[in-house]
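Structure file final-v9.cif with mmCIF, C-alpha atoms and all ligand atoms:
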data_run
loop_
_atom_site.label_atom_id
_atom_site.label_comp_id
_atom_site.auth_asym_id
_atom_site.auth_seq_id
_atom_site.Cartn_x
_atom_site.Cartn_y
_atom_site.Cartn_z
CA MET S 1 26.19 -7.17 -8.29
CA ALA S 2 23.64 -7.59 -11.01
CA ARG S 3 24.65 -6.57 -14.49
CA THR S 4 23.90 -2.93 -14.93
CA MET S 5 22.12 -1.21 -17.76
CA THR S 6 21.94 2.43 -18.63
CA ARG S 7 18.69 4.33 -18.59
CA ARG S 8 18.80 4.53 -22.37
CA ALA S 9 19.40 0.80 -22.67
CA PHE S 10 16.56 0.00 -20.28
CA CYS S 11 14.20 2.13 -22.26
CA ALA S 12 15.35 0.56 -25.52
CA MET S 13 15.05 -2.93 -24.10
CA THR S 14 11.54 -2.31 -22.97
CA ALA S 15 10.48 -0.26 -25.94
CA THR S 16 7.83 -2.67 -27.11
CA THR S 17 6.52 -3.76 -23.75
CA PHE S 18 7.37 -0.87 -21.47
CA LEU S 19 6.87 2.25 -23.52
CA ALA S 20 4.08 0.92 -25.71
CA ALA S 21 2.22 -0.53 -22.80
CA CYS S 22 2.73 2.67 -20.89
CA GLY S 23 1.25 4.59 -23.78
CA HIS S 24 4.01 7.10 -23.21
CA ASN S 25 3.62 10.59 -24.53
CA THR S 26 6.21 12.91 -23.13
CA GLN S 27 4.29 15.88 -24.51
CA GLU S 28 1.22 15.33 -22.40
CA ASP S 29 0.54 17.31 -19.29
CA PRO S 30 1.84 15.94 -16.02
CA THR S 31 -0.71 14.05 -14.00
CA SER S 32 1.01 14.37 -10.70
CA GLU S 33 1.01 17.21 -8.26
CA THR S 34 4.23 19.01 -7.65
CA ALA S 35 5.34 19.01 -4.10
CA THR S 36 6.39 21.47 -1.49
CA THR S 37 6.77 20.06 1.97
CA SER S 38 4.67 17.96 4.24
CA ASP S 39 3.35 18.90 7.63
CA ALA S 40 1.79 15.51 8.03
CA ASP S 41 1.34 13.57 11.24
CA SER S 42 4.31 12.59 13.32
CA ASN S 43 5.85 9.28 12.33
CA ALA S 44 9.19 8.34 13.82
CA PRO S 45 11.45 5.80 12.16
CA GLU S 46 10.30 2.30 12.87
CA ALA S 47 12.63 0.19 14.92
CA THR S 48 13.09 -3.29 13.51
CA GLU S 49 11.19 -4.62 16.49
CA SER S 50 7.53 -4.32 15.59
CA GLU S 51 6.46 -2.94 18.97
CA ALA S 52 8.42 0.22 18.25
CA THR S 53 6.26 1.22 15.33
CA THR S 54 4.09 3.55 17.37
CA GLU S 55 6.89 5.19 19.34
CA SER S 56 7.34 8.93 19.13
CA GLN S 57 10.48 10.44 17.70
CA GLU S 58 11.69 11.25 21.20
CA SER S 59 11.53 7.62 22.30
CA ALA S 60 12.96 6.01 19.18
CA SER S 61 15.50 3.26 19.66
CA THR S 62 19.17 4.02 20.24
CA SER S 63 20.25 2.44 16.96
CA LYS S 64 22.87 4.47 15.14
CA THR S 65 21.87 3.16 11.75
CA LEU S 66 18.78 4.17 9.82
CA VAL S 67 17.43 2.49 6.72
CA VAL S 68 15.34 4.88 4.63
CA TYR S 69 13.48 3.63 1.60
CA TYR S 70 10.80 4.30 -0.91
CA SER S 71 9.18 1.23 -2.46
CA ARG S 72 6.05 0.66 -4.50
CA ALA S 73 4.01 -2.55 -4.46
CA ASP S 74 1.21 -3.26 -6.98
CA GLU S 75 1.82 -3.92 -10.67
CA ASN S 76 5.41 -3.72 -11.88
CA TYR S 77 7.73 -4.54 -14.73
CA ALA S 78 9.36 -7.97 -14.66
CA ASP S 79 11.54 -9.59 -17.29
CA GLY S 80 9.61 -8.32 -20.29
CA GLY S 81 6.21 -8.74 -18.67
CA LYS S 82 4.32 -7.64 -15.60
CA GLU S 83 4.17 -8.88 -12.04
CA TRP S 84 1.97 -8.08 -9.06
CA LEU S 85 3.75 -7.26 -5.85
CA GLU S 86 2.14 -7.39 -2.43
CA VAL S 87 5.38 -5.97 -1.00
CA GLY S 88 7.73 -3.84 -3.07
CA HIS S 89 11.17 -5.20 -3.93
CA THR S 90 13.04 -2.34 -2.29
CA LYS S 91 11.05 -2.78 0.91
CA VAL S 92 12.21 -6.41 1.00
CA MET S 93 15.83 -5.33 0.54
CA ALA S 94 15.48 -2.65 3.21
CA GLY S 95 14.19 -5.28 5.59
CA TYR S 96 17.26 -7.45 5.04
CA ILE S 97 19.56 -4.56 5.90
CA ALA S 98 17.60 -3.38 8.93
CA GLU S 99 17.25 -6.85 10.37
CA ALA S 100 20.93 -7.67 9.89
CA LEU S 101 22.17 -4.43 11.42
CA GLY S 102 19.45 -3.93 14.04
CA ALA S 103 18.72 -0.62 12.36
CA ASP S 104 15.65 1.57 12.45
CA GLN S 105 13.59 1.97 9.31
CA TYR S 106 11.83 4.92 7.78
CA GLU S 107 9.55 4.35 4.79
CA ILE S 108 8.94 7.32 2.52
CA VAL S 109 5.17 7.36 1.99
CA PRO S 110 3.71 9.68 -0.65
CA VAL S 111 0.67 11.79 0.16
CA GLU S 112 -0.59 11.01 -3.31
CA PRO S 113 -0.19 7.26 -3.89
CA TYR S 114 1.27 6.27 -7.21
CA PRO S 115 -1.11 4.45 -9.55
CA GLU S 116 -1.49 0.72 -9.01
CA GLY S 117 -1.13 0.10 -12.71
CA TYR S 118 2.41 -0.03 -14.01
CA ASP S 119 1.65 1.89 -17.20
CA ASP S 120 -0.08 4.70 -15.34
CA CYS S 121 2.77 4.85 -12.86
CA CYS S 122 5.22 5.17 -15.75
CA ASP S 123 3.37 8.25 -16.94
CA VAL S 124 3.36 9.85 -13.51
CA ALA S 125 7.03 9.08 -12.91
CA MET S 126 8.04 10.51 -16.25
CA ALA S 127 6.02 13.66 -15.68
CA GLU S 128 7.57 14.13 -12.25
CA GLN S 129 11.06 13.87 -13.71
CA ARG S 130 10.22 16.23 -16.53
CA ASP S 131 8.82 18.80 -14.12
CA ASP S 132 11.51 18.34 -11.47
CA SER S 133 8.68 17.68 -9.02
CA ARG S 134 8.99 17.20 -5.29
CA PRO S 135 6.09 14.90 -4.38
CA VAL S 136 4.87 15.47 -0.84
CA ILE S 137 5.77 12.93 1.84
CA ALA S 138 2.84 11.90 4.01
CA ASN S 139 4.71 10.90 7.14
CA ALA S 140 6.84 13.26 9.20
CA LEU S 141 10.49 13.21 8.33
CA PRO S 142 12.71 11.35 10.81
CA ASP S 143 15.04 13.08 13.22
CA VAL S 144 18.28 11.89 11.64
CA SER S 145 20.54 13.62 14.15
CA ALA S 146 21.12 10.42 16.14
CA TYR S 147 22.28 8.37 13.17
CA ASP S 148 25.82 8.04 11.87
CA LEU S 149 25.01 5.66 9.05
CA VAL S 150 22.02 6.07 6.77
CA PHE S 151 21.13 3.61 4.04
CA ILE S 152 18.76 5.01 1.46
CA GLY S 153 16.99 2.74 -0.99
CA CYS S 154 14.62 3.06 -3.90
CA PRO S 155 13.58 1.48 -7.18
CA ILE S 156 15.05 2.82 -10.36
CA TRP S 157 12.50 4.88 -12.25
CA TRP S 158 13.65 5.97 -15.67
CA GLY S 159 17.28 5.53 -14.72
CA GLU S 160 17.01 7.59 -11.54
CA GLU S 161 15.50 7.67 -8.09
CA PRO S 162 11.80 8.51 -7.83
CA MET S 163 11.50 12.25 -7.30
CA ILE S 164 10.04 11.78 -3.84
CA VAL S 165 13.49 10.61 -2.74
CA ARG S 166 14.72 14.10 -3.55
CA THR S 167 11.93 15.49 -1.38
CA PHE S 168 13.38 13.43 1.44
CA LEU S 169 17.00 14.38 0.78
CA GLU S 170 16.16 18.07 0.71
CA GLY S 171 14.11 17.77 3.90
CA VAL S 172 16.73 16.31 6.23
CA ASP S 173 20.27 17.26 7.16
CA LEU S 174 22.64 14.40 6.37
CA SER S 175 25.78 16.47 6.82
CA GLY S 176 28.72 14.43 8.07
CA LYS S 177 26.85 11.14 7.89
CA THR S 178 27.82 8.10 5.90
CA VAL S 179 25.06 7.64 3.35
CA VAL S 180 24.80 4.40 1.42
CA PRO S 181 22.39 4.13 -1.52
CA PHE S 182 20.77 0.88 -2.58
CA THR S 183 18.39 0.11 -5.38
CA THR S 184 16.27 -2.58 -6.91
CA HIS S 185 15.80 -2.39 -10.64
CA GLY S 186 14.85 -4.04 -13.91
CA GLY S 187 18.30 -3.83 -15.49
CA SER S 188 19.69 -0.37 -14.72
CA GLY S 189 21.57 -1.28 -11.55
CA LEU S 190 22.21 1.79 -9.43
CA GLY S 191 21.47 4.10 -12.35
CA SER S 192 22.42 7.65 -11.42
CA VAL S 193 21.25 7.25 -7.83
CA PRO S 194 24.62 7.53 -6.02
CA ARG S 195 25.52 10.63 -8.00
CA ASN S 196 22.13 12.19 -7.42
CA VAL S 197 22.15 11.40 -3.71
CA ALA S 198 25.52 13.14 -3.48
CA THR S 199 24.03 16.13 -5.27
CA PHE S 200 21.06 16.40 -2.94
CA ALA S 201 22.99 15.54 0.23
CA PRO S 202 26.14 17.51 -0.58
CA SER S 203 27.71 17.39 2.87
CA ALA S 204 27.25 13.67 3.37
CA ASP S 205 29.85 11.00 2.74
CA VAL S 206 27.98 9.16 0.00
CA ARG S 207 29.23 5.69 -0.89
CA GLU S 208 28.76 3.77 -4.13
CA GLY S 209 25.99 1.54 -2.88
CA HIS S 210 24.52 -1.75 -4.04
CA ALA S 211 21.89 -2.84 -6.55
CA VAL S 212 19.78 -5.97 -6.76
CA ALA S 213 17.51 -6.90 -9.65
CA GLY S 214 13.98 -6.64 -8.36
CA THR S 215 13.02 -10.10 -9.54
CA SER S 216 16.03 -11.57 -7.68
CA VAL S 217 15.47 -9.86 -4.37
CA ASP S 218 13.78 -12.82 -2.69
CA GLY S 219 16.97 -14.85 -3.00
CA ALA S 220 19.39 -12.03 -2.27
CA ARG S 221 19.29 -11.89 1.52
CA ASP S 222 22.77 -13.31 2.13
CA GLU S 223 24.36 -11.12 -0.53
CA VAL S 224 22.67 -8.00 0.80
CA VAL S 225 23.50 -8.74 4.43
CA ALA S 226 27.15 -9.40 3.63
CA TRP S 227 27.36 -6.12 1.75
CA ALA S 228 25.56 -4.09 4.40
CA LYS S 229 27.79 -5.41 7.18
CA GLU S 230 30.81 -3.92 5.45
CA TYR S 231 29.64 -0.54 6.77
CA ILE S 232 29.58 -1.38 10.47
C1 LIG L 301 7.69 3.99 -13.23
C2 LIG L 301 8.75 2.92 -13.33
C3 LIG L 301 9.90 3.16 -14.03
C4 LIG L 301 10.92 2.19 -14.07
N1 LIG L 301 12.08 2.48 -14.73
C5 LIG L 301 13.09 1.59 -14.67
C6 LIG L 301 14.36 1.89 -15.26
O1 LIG L 301 14.58 2.95 -15.86
N2 LIG L 301 15.35 0.97 -15.16
C7 LIG L 301 15.16 -0.23 -14.51
O2 LIG L 301 16.08 -1.01 -14.43
N3 LIG L 301 13.97 -0.53 -13.93
C8 LIG L 301 12.95 0.33 -13.99
N4 LIG L 301 11.76 0.04 -13.38
C9 LIG L 301 11.63 -1.24 -12.65
C10 LIG L 301 11.85 -1.08 -11.15
O3 LIG L 301 13.02 -0.33 -10.87
C11 LIG L 301 11.97 -2.44 -10.45
O4 LIG L 301 10.88 -3.25 -10.75
C12 LIG L 301 12.13 -2.27 -8.94
O5 LIG L 301 12.61 -3.48 -8.39
C13 LIG L 301 10.82 -1.93 -8.27
O6 LIG L 301 11.05 -1.76 -6.88
P1 LIG L 301 9.87 -1.49 -5.84
O7 LIG L 301 8.96 -2.68 -5.92
O8 LIG L 301 10.55 -1.38 -4.53
O9 LIG L 301 9.20 -0.21 -6.22
C14 LIG L 301 10.74 0.95 -13.37
C15 LIG L 301 9.55 0.72 -12.69
C16 LIG L 301 8.56 1.69 -12.65
C17 LIG L 301 7.29 1.43 -11.88
#

Could I get this structure in the form of structure tokens?
Amino acid sequence: MARTMTRRAFCAMTATTFLAACGHNTQEDPTSETATTSDADSNAPEATESEATTESQESASTSKTLVVYYSRADENYADGGKEWLEVGHTKVMAGYIAEALGADQYEIVPVEPYPEGYDDCCDVAMAEQRDDSRPVIANALPDVSAYDLVFIGCPIWWGEEPMIVRTFLEGVDLSGKTVVPFTTHGGSGLGSVPRNVATFAPSADVREGHAVAGTSVDGARDEVVAWAKEYI
């Protein structure tokens, strides 16, 4: 597992590039909308096979494993600088797990997209944490009743999961299921994600999970697959 770093350490490490570039001002008004719930269009979990992407919830595959993730592409932090992502790191990691286990996937999609610019996204993410927001999910929540094992992945934002992950956790019933967090990050490892997932899915059997540095995800397939297979 990649070396972990606390939220405080990450912020200190990136103080000159991250905070300054973000133009952070924790006193300013939040720029994001707070969330309630979504009554968006139906969108069943996507089976790993591409033809299943338009299936209804009723006809979803019989897989017992679901890989849920939030991931953001666009401009991101990378080793003291910036990088442009066509596909988010966590989405790549989610794909490794789903492909290896033949699992279905559900991508958490925000109604209000996060800014493409890293600095602007930092501001929104910080405001959402400060306000304990629940950003609205655009796609219908999956019917998780058929799944025994649920992986849930996200980037680390300010040491934690993006607040929209909490929207998801509060919107589904994961009681009695094995729930396995995973993250990609810029130095914070899993951050407080496993603990927070356990808080927001209190009746689930939440495991410790696995973290991969975002900039290392392209070469991490074998490591991720070996880890994920421990749960089946
Ligand atoms: C708003 C924001 C806040 C971040 N905060 C942290 C952090 O506290 N600790 C950390 O290690 N990485 C942090 N990162 C870096 C991301 O966790 C990392 O780049 C991750 O791999 C991105 O995954 P994604 O492309 O799936 O969204 C932050 C990135 C963003 C955009």

Would you write out, as a tab-separated table, a table of all residues in chain S that have an atom no more than 7 Å from an atom of ligand LIG 301 (chain L), listing for each the closest atom pair and the distance in Å to one decimal, considering all atoms listed in the file and ordering rows by chain and rising residue number?
residue	atom	partner	partner_atom	distance
S:Met5	CA	L:LIG301	O2	6.9
S:Arg7	CA	L:LIG301	O1	5.1
S:Phe10	CA	L:LIG301	N2	5.3
S:Cys11	CA	L:LIG301	O1	6.5
S:Tyr70	CA	L:LIG301	O8	6.7
S:Ser71	CA	L:LIG301	O8	3.6
S:Arg72	CA	L:LIG301	O9	3.7
S:Ala73	CA	L:LIG301	O7	5.2
S:Asn76	CA	L:LIG301	C17	5.5
S:Tyr77	CA	L:LIG301	O4	5.2
S:Ala78	CA	L:LIG301	O4	6.3
S:Leu85	CA	L:LIG301	O7	6.9
S:Val87	CA	L:LIG301	O7	6.9
S:Gly88	CA	L:LIG301	O7	3.3
S:His89	CA	L:LIG301	O7	3.9
S:Thr90	CA	L:LIG301	O8	3.5
S:Lys91	CA	L:LIG301	O8	5.6
S:Tyr118	CA	L:LIG301	C17	5.5
S:Cys121	CA	L:LIG301	C1	5.0
S:Cys122	CA	L:LIG301	C1	3.7
S:Ala125	CA	L:LIG301	C1	5.1
S:Cys154	CA	L:LIG301	O8	6.1
S:Pro155	CA	L:LIG301	O6	4.1
S:Ile156	CA	L:LIG301	O3	3.8
S:Trp157	CA	L:LIG301	N1	3.5
S:Trp158	CA	L:LIG301	O1	3.2
S:Gly159	CA	L:LIG301	O1	3.9
S:Glu160	CA	L:LIG301	O1	6.8
S:Thr184	CA	L:LIG301	O5	4.0
S:His185	CA	L:LIG301	O3	3.5
S:Gly186	CA	L:LIG301	O2	3.3
S:Gly187	CA	L:LIG301	O2	3.7
S:Ser188	CA	L:LIG301	O2	3.7
S:Gly189	CA	L:LIG301	O2	6.2
S:Ala213	CA	L:LIG301	O5	6.1
S:Gly214	CA	L:LIG301	O5	3.4
S:Thr215	CA	L:LIG301	O5	6.7

Output for the residues just chosen: C-alpha atoms as a compact mmCIF listing (two decimals), in the coordinates of the input:
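Below you can see part_27.txt, which holds the result:
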# COMPACT_ATOMS: atom_id res chain seq x y z
CA MET S 5 22.12 -1.21 -17.76
CA ARG S 7 18.69 4.33 -18.59
CA PHE S 10 16.56 0.00 -20.28
CA CYS S 11 14.20 2.13 -22.26
CA TYR S 70 10.80 4.30 -0.91
CA SER S 71 9.18 1.23 -2.46
CA ARG S 72 6.05 0.66 -4.50
CA ALA S 73 4.01 -2.55 -4.46
CA ASN S 76 5.41 -3.72 -11.88
CA TYR S 77 7.73 -4.54 -14.73
CA ALA S 78 9.36 -7.97 -14.66
CA LEU S 85 3.75 -7.26 -5.85
CA VAL S 87 5.38 -5.97 -1.00
CA GLY S 88 7.73 -3.84 -3.07
CA HIS S 89 11.17 -5.20 -3.93
CA THR S 90 13.04 -2.34 -2.29
CA LYS S 91 11.05 -2.78 0.91
CA TYR S 118 2.41 -0.03 -14.01
CA CYS S 121 2.77 4.85 -12.86
CA CYS S 122 5.22 5.17 -15.75
CA ALA S 125 7.03 9.08 -12.91
CA CYS S 154 14.62 3.06 -3.90
CA PRO S 155 13.58 1.48 -7.18
CA ILE S 156 15.05 2.82 -10.36
CA TRP S 157 12.50 4.88 -12.25
CA TRP S 158 13.65 5.97 -15.67
CA GLY S 159 17.28 5.53 -14.72
CA GLU S 160 17.01 7.59 -11.54
CA THR S 184 16.27 -2.58 -6.91
CA HIS S 185 15.80 -2.39 -10.64
CA GLY S 186 14.85 -4.04 -13.91
CA GLY S 187 18.30 -3.83 -15.49
CA SER S 188 19.69 -0.37 -14.72
CA GLY S 189 21.57 -1.28 -11.55
CA ALA S 213 17.51 -6.90 -9.65
CA GLY S 214 13.98 -6.64 -8.36
CA THR S 215 13.02 -10.10 -9.54

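When all atoms listed in the file are used to measure the gap to S:Met126, the shortest distance among S:Leu169, S:Met163, S:Val109, S:Met93 belongs to S:Met163.
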
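Computed from the coordinates, the atom CA of S:Ile164 to atom CA of S:Asp131 distance equals 12.5 Å.
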
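The shell of residues at most 9 Å from stretch 196-198 of chain S, with only C-alpha atoms counted and near chain neighbours (fewer than 2 positions) removed, consists of Ile152, Glu160, Glu161, Val165, Arg166, Leu169, Val179, Pro181, Ser192, Val193, Pro194, Phe200, Ala201, Pro202, Ser203, Ala204, Asp205, Val206 and Arg207 of chain S.
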
Across S:Asn139, S:Thr65, S:Thr199, S:Gln105, the smallest distance to S:Ala228, with all atoms listed in the file counted, is shown by S:Thr65

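Nearest residue to S:Glu223 among S:Arg130, S:Phe168, S:Gly80, S:Tyr96 is S:Tyr96, counting all atoms listed in the file.
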
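Relative to atom CA of S:Ala100, atom CA of S:Lys229 is found at 7.7 Å.
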
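Between atom CA of S:Tyr231 and atom CA of S:Ser175 there is a distance of 17.4 Å.
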
Take every atom of stretch 175-181 of chain S listed in the file, fit an axis-aligned box around them, add 3 Å per side, and give the centre and edge lengths in Å to one decimal as AutoDock Vina command-line options.
--center_x 25.6 --center_y 10.3 --center_z 3.3 --size_x 12.3 --size_y 18.3 --size_z 15.6

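Distances from S:Leu66, S:Thr183, S:Arg221, S:Gly176 to S:Gly102 were compared using all atoms listed in the file, and the smallest one belongs to S:Leu66.
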
Closest of S:Phe182, S:Phe151, S:Trp227, S:Trp84 to S:Ala103, counting only C-alpha atoms, is S:Phe151

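Considering the residues S:Pro162, S:Tyr147, S:Pro45, S:Leu141 and counting only C-alpha atoms, S:Gln129 has its shortest atom-to-atom contact with S:Pro162.
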